[in-house]
Each structure stands twice: as C-alpha cells, then as structure tokens.
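Chemist: Provided herewith is a single structure, encoded as structure tokens, for subsequent inquiry.
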Amino acid sequence: MSGPLADIRILDFSSLLPGPMATLLLAEAGADVIKVERPERGDEMRSYSPRFGKSSVNFGLLNRGKKSIAVDLKDEDQLQNLIPLLRTADVIIEGFRPGVMARLNLGYEDILIINPSIIYCSLTGYGQHGNKVDVAGHDLNYIGDVGLLALSMGTQANPTVPPALIADIAGGAYPAVMNILLALLERSNTGEGRYIDVAMADNLFGFMYWAMGNLSAANQAPVNGSDEVTGGSPRYNLYPTADGKMVAAAPLEDKFWEIFVESIGLQGEYVDDSVDAEKTYQQVAALIRRKDADFWEEKFKVENCCCSIVKTIGQALQDPHFQARGLFSNFLNNEAGEKIPALPIPISPNLRKCCERKIRAPCLGEHNALLLHKNHY
C-alpha cells in the first residue's frame with residue numbers, strides 16, 4: 001500500500017520540531033514530502049547530538065522518508081529553479097516568523113499567482129496577527145503565556161519543567177496535520193485551496209478545559225499543583241516506593257478508590273479524602289513507602305485500580321504490550337545501514353505506507369539533481 005496521501009506533494013520550508021513532525025506524519029501516510037533547506041548547513045537540527053550517521057538522531061527520526069533539496073531562497077536563479085515545484089505542490093508548510101516568506105516572494109499571495117489551488121500552512125508560536133507576532137519564543141514560553149505551566153510547575157524551591165514539548169507537538173504539529181487534511185478534503189469538493197494560520201499558543205487552551213470552566217463558571221481560579229489532576233488530590237498523584245521508584249496512582253472514580261484504599265491498607269478517617277485531602281495523601285504516601293515497587297506492581301496487576309509503576313523510556317521500549325502492538329516494527333536507517341526503531345506516530349498502521357520497513361532521512365540536498373531543474377513537472 002502506498003498510503004492515502006500517495007498523490008499529494010508537500011514542500012516543507014520548516015525546520016527543527018513542529019513543522020518536520022507534521023510532515024513526518026503526512027509522509028508516513030504516503031505524501032511526497034520535499035524538505036527545502038538552506039545550503040551547506042541545512043536544518044539546524046542536523047547539527048544536534050547524538051549522531052546517527054551524518055546527521056543527528058533527532059533529525060533522522062523526524063525526517064525519515066522525505067526528500068531534501070538545498071536552495072538559497074535569496075538567490076534569484078535558485079528561486080527560479082524552485083518554481084516548477086511550487087507550481088505542482090499540493091501543500092506548502094513554513095515555520096518562519098510572519099512576513100519572512102513574503103519578503104522572499106514566497107508568501108501565500110505570491111504562490112496563488114502560479115498555483116491557485118495551493119494549501120498553504122504557516123506554523124508559528126503566536127500566529128500571523130496580534131500583539132505578539134514578532135516575539136521570539138519556545139515551548140516553555142508558549143505554555144507559560146497561556147496559563148498551562150502555572151497549573152503545575154513545582155515549587156519555588158523545586159520548579160519543574162514539563163518533560164514534553166507540549167506546544168511544539170500538541171499545539172503545533174498535530175493541529176497543522178489536522179487542518180491540512182481538512183483543507184485537502186475541502187479542496188477535493190470545491191477545487192479551492194486554503195491559507196492556514198497555526199499558532200501553537202492558541203491551541204493550548206484545549207488542554208485546560210477544566211481550568212477555564214472553573215474560572216469562567218464558578219470564579220474558581222486554579223492554583224499551582226492544587227487541583228484534582230495537577231497534584232491536589234490523593235486520587236491522582238505520585239507516591240515514592242521503598243526502593244526509590246514511583247507509583248502513579250489515578251483511582252479517581254469511587255469504584256477504583258475503594259479498591260485502591262483496601263489494597264494498600266488505608267483505614268479509618270483517611271478513606272474519605274473529602275474531609276482532609278492532604279492528610280489522606282500523607283497516609284497513602286506512608287503506606288506506599290513501606291514496600292518496593294515490585295510488590296506494588298504485582299498488587300496493582302491483581303487489583304486493576306488505575307495504578308502503575310512509573311517506567312523509564314528504556315523499560316517502555318521493552319514493554320511486551322507495546323512490542324505486541326508493533327510500535328517499533330518500523331526502522332530508521334542511516335547511510336551505513338545501521339538501524340534503530342523509527343518514531344511511533346499516531347496514524348493507524350493500515351493508513352500508512354506498509355511496504356517500506358527501513359527508511360532513512362535524506363542527506364542535505366540529496367535530491368537537487370532530481371527535482372531542481374526548470375523542466376521538472
């Protein structure tokens with residue numbers, strides 16, 4: 001199977017994480033993704049470490065199965081050679097600051113002249129209009145600006161940085177894919193393209209639906225680490241074990257809470273956590289700390305009450321459940337033929353290209369000769 005997007009060509013002018021993650025998903029669904037990079041250096045992520053072949057492993061994981069052309073966008077002759085690809089592309093995605101592509105004569109209005117049905121996606125932190133369009137930022141800034149970080153950021157003595165790049169992936173890459181697919185569906189019905197403005201900060205508010213609801217409907221402003229799913233409840237919390245590992249306990253519903261408290265031996269006044277949630281938490285923590293993680297893992301397997309032991313990434317990669325589901329059955333190769341597991345992505349296996357199990361990321365400018373000539377259509 002070649003994938004449901006086998007007839008779609010995408011020119012990817014983005015770099016680093018959000019745009020390349022988006023086009024990785026589209027490439028895995030069969031799209032022909034052509035990565036447009038600057039000469040000599042290419043995508044900055046190529047230079048990161050650790051290495052996997054000539055480029056960083058980060059670059060390889062995010063750009064598996066794509067093509068690469070190296071083009072100086074400020075050089076008029078090289079830009080002219082790019083025009084046939086611009087004319088035949090279905091989708092353009094870019095991640096420059098607002099106005100940059102227009103100054104290069106590659107903005108949406110410029111492309112419309114030669115390709116009226118283009119779907120053009122701009123992916124930035126703050127979008128194409130508003131007071132912050134020119135403000136530089138990264139993931140931590142975006143989640144901080146929208147109030148998400150304030151919900152659970154540790155203490156002043158021990159501030160906690162989230163372990164995932166939430167804005168880049170969930171606020172940027174995934175919404176870009178969703179909107180591009182919707183625009184492709186719309187174009188199949190109308191024949192018309194679409195301009196898409198994806199602002200990573202905008203898309204984070206959905207993660208705080210409950211916090212927005214509490215504040216808007218009941219004037220209850222969430223406080224750092226104090227709400228039900230941010231560390232303020234003994235029913236949704238982390239508990240250290242005797243051997244320094246951690247129980248992730250999430251028995252939110254009463255039916256699971258009743259099983260949980262019985263399985264750990266919690267008794268008396270502490271069972272009703274609505275009386276004094278902090279005291280209940282302290283008692284639960286004291287009980288969990290008496291036994292090693294292996295004891296609790298076996299206990300919770302039997303009780304099945306939404307509790308588990310926190311795993312390392314190495315343990316997760318070896319987990320028989322994920323192995324059985326085939327998450328790591330595709331591979332990333334490098335130029336030397338070495339391989340590592342490819343990045344699992346949220347596209348159903350039966351909607352992905354299934355004939356290629358070992359694919360590498362492109363070398364910088366690898367496809368210039370194939371794609372950059374004036375007679376290419």
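Identifiers in this document derive from the order of the structure tokens: chains are assigned A, B, ..., residues are numbered from 1 separately in each chain, and ligands are numbered from 1 in order of occurrence.
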What are the DSSP helix (DSSP H, G or I) residues of segment 300-352 of chain A, as a ChimeraX atom specification?
Modeler: /A:300-303,313-317,320-324,349-351
Chemist: Env of Leu351 of chain A: 6 Å cut, atoms = only C-alpha atoms, seq-sep filter 2 positions within chain, self excluded. Answer as a ChimeraX atom specification.
Modeler: /A:3,348-349
Chemist: Tell me, as a list in words, which residues lie within 8 Å of segment 321-328 of chain A, counting only C-alpha atoms; anything in the same chain fewer than 5 positions away does not count.
Modeler: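 My list of contacting residues is Ala316, Pro341, Ala342, Leu343 and Pro344 of chain A.
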Chemist: Please identify all polymer residues within 12 Å of segment 207-211 of chain A, counting only C-alpha atoms, omitting same-chain residues fewer than 4 positions from it, and present them as a VMD selection string.
Modeler: chain A and resid 143 146 to 152 166 to 167 170 to 171 201 to 203 215 to 224 226 to 230
Chemist: Write out as a list in words each polymer residue whose atoms come within 12 Å of Phe52 of chain A, counting only C-alpha atoms; drop sequence neighbours fewer than 4 positions from it.
Modeler: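 Answer for this query is Arg46, Ser47, Tyr48, Ser56, Val57, Asn58, Phe59, Gly60, Leu61, Leu332, Asn333, Asn334, Glu335, Ala336, Gly337, Glu338, Lys339, Ile340, Arg360 and Ala361 of chain A.
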Chemist: Keeping N, CA and C atoms, export the residues of the selection given above as an mmCIF file, in the first residue's frame.
Modeler:
```cif
data_model
loop_
_atom_site.group_PDB
_atom_site.id
_atom_site.type_symbol
_atom_site.label_atom_id
_atom_site.label_comp_id
_atom_site.auth_asym_id
_atom_site.auth_seq_id
_atom_site.Cartn_x
_atom_site.Cartn_y
_atom_site.Cartn_z
ATOM 1 N N ARG A 46 20.061 19.145 12.121
ATOM 2 C CA ARG A 46 21.075 18.224 11.601
ATOM 3 C C ARG A 46 22.342 18.239 12.465
ATOM 4 N N SER A 47 22.628 19.374 13.098
ATOM 5 C CA SER A 47 23.880 19.531 13.836
ATOM 6 C C SER A 47 23.794 19.065 15.285
ATOM 7 N N TYR A 48 22.618 18.662 15.731
ATOM 8 C CA TYR A 48 22.444 18.271 17.130
ATOM 9 C C TYR A 48 23.178 16.956 17.420
ATOM 10 N N SER A 56 22.095 14.272 13.071
ATOM 11 C CA SER A 56 21.689 13.904 14.422
ATOM 12 C C SER A 56 20.579 12.867 14.377
ATOM 13 N N VAL A 57 20.453 12.114 15.438
ATOM 14 C CA VAL A 57 19.380 11.128 15.509
ATOM 15 C C VAL A 57 18.031 11.832 15.568
ATOM 16 N N ASN A 58 17.989 13.025 16.190
ATOM 17 C CA ASN A 58 16.744 13.794 16.226
ATOM 18 C C ASN A 58 16.267 14.120 14.814
ATOM 19 N N PHE A 59 17.202 14.592 13.994
ATOM 20 C CA PHE A 59 16.853 14.921 12.611
ATOM 21 C C PHE A 59 16.370 13.670 11.886
ATOM 22 N N GLY A 60 17.082 12.571 12.074
ATOM 23 C CA GLY A 60 16.714 11.341 11.394
ATOM 24 C C GLY A 60 15.324 10.865 11.748
ATOM 25 N N LEU A 61 14.988 10.884 13.026
ATOM 26 C CA LEU A 61 13.679 10.412 13.464
ATOM 27 C C LEU A 61 12.546 11.259 12.902
ATOM 28 N N LEU A 332 14.482 3.212 11.397
ATOM 29 C CA LEU A 332 15.223 4.311 10.775
ATOM 30 C C LEU A 332 16.614 3.800 10.456
ATOM 31 N N ASN A 333 16.997 3.892 9.215
ATOM 32 C CA ASN A 333 18.341 3.519 8.784
ATOM 33 C C ASN A 333 19.215 4.763 8.661
ATOM 34 N N ASN A 334 20.512 4.581 8.700
ATOM 35 C CA ASN A 334 21.425 5.659 8.323
ATOM 36 C C ASN A 334 22.204 5.232 7.079
ATOM 37 N N GLU A 335 23.139 6.069 6.650
ATOM 38 C CA GLU A 335 23.856 5.814 5.404
ATOM 39 C C GLU A 335 24.690 4.540 5.458
ATOM 40 N N ALA A 336 25.089 4.134 6.663
ATOM 41 C CA ALA A 336 25.908 2.937 6.824
ATOM 42 C C ALA A 336 25.087 1.663 6.941
ATOM 43 N N GLY A 337 23.759 1.803 6.908
ATOM 44 C CA GLY A 337 22.902 0.632 7.018
ATOM 45 C C GLY A 337 22.551 0.255 8.437
ATOM 46 N N GLU A 338 23.026 1.029 9.418
ATOM 47 C CA GLU A 338 22.643 0.776 10.805
ATOM 48 C C GLU A 338 21.177 1.155 10.996
ATOM 49 N N LYS A 339 20.535 0.552 11.984
ATOM 50 C CA LYS A 339 19.126 0.847 12.176
ATOM 51 C C LYS A 339 18.787 0.974 13.656
ATOM 52 N N ILE A 340 17.774 1.788 13.917
ATOM 53 C CA ILE A 340 17.176 1.930 15.232
ATOM 54 C C ILE A 340 15.668 1.995 15.025
ATOM 55 N N ARG A 360 15.554 5.836 5.634
ATOM 56 C CA ARG A 360 16.451 6.794 6.257
ATOM 57 C C ARG A 360 16.000 8.214 5.974
ATOM 58 N N ALA A 361 16.566 9.155 6.689
ATOM 59 C CA ALA A 361 16.358 10.573 6.417
ATOM 60 C C ALA A 361 17.277 10.991 5.272
#
```
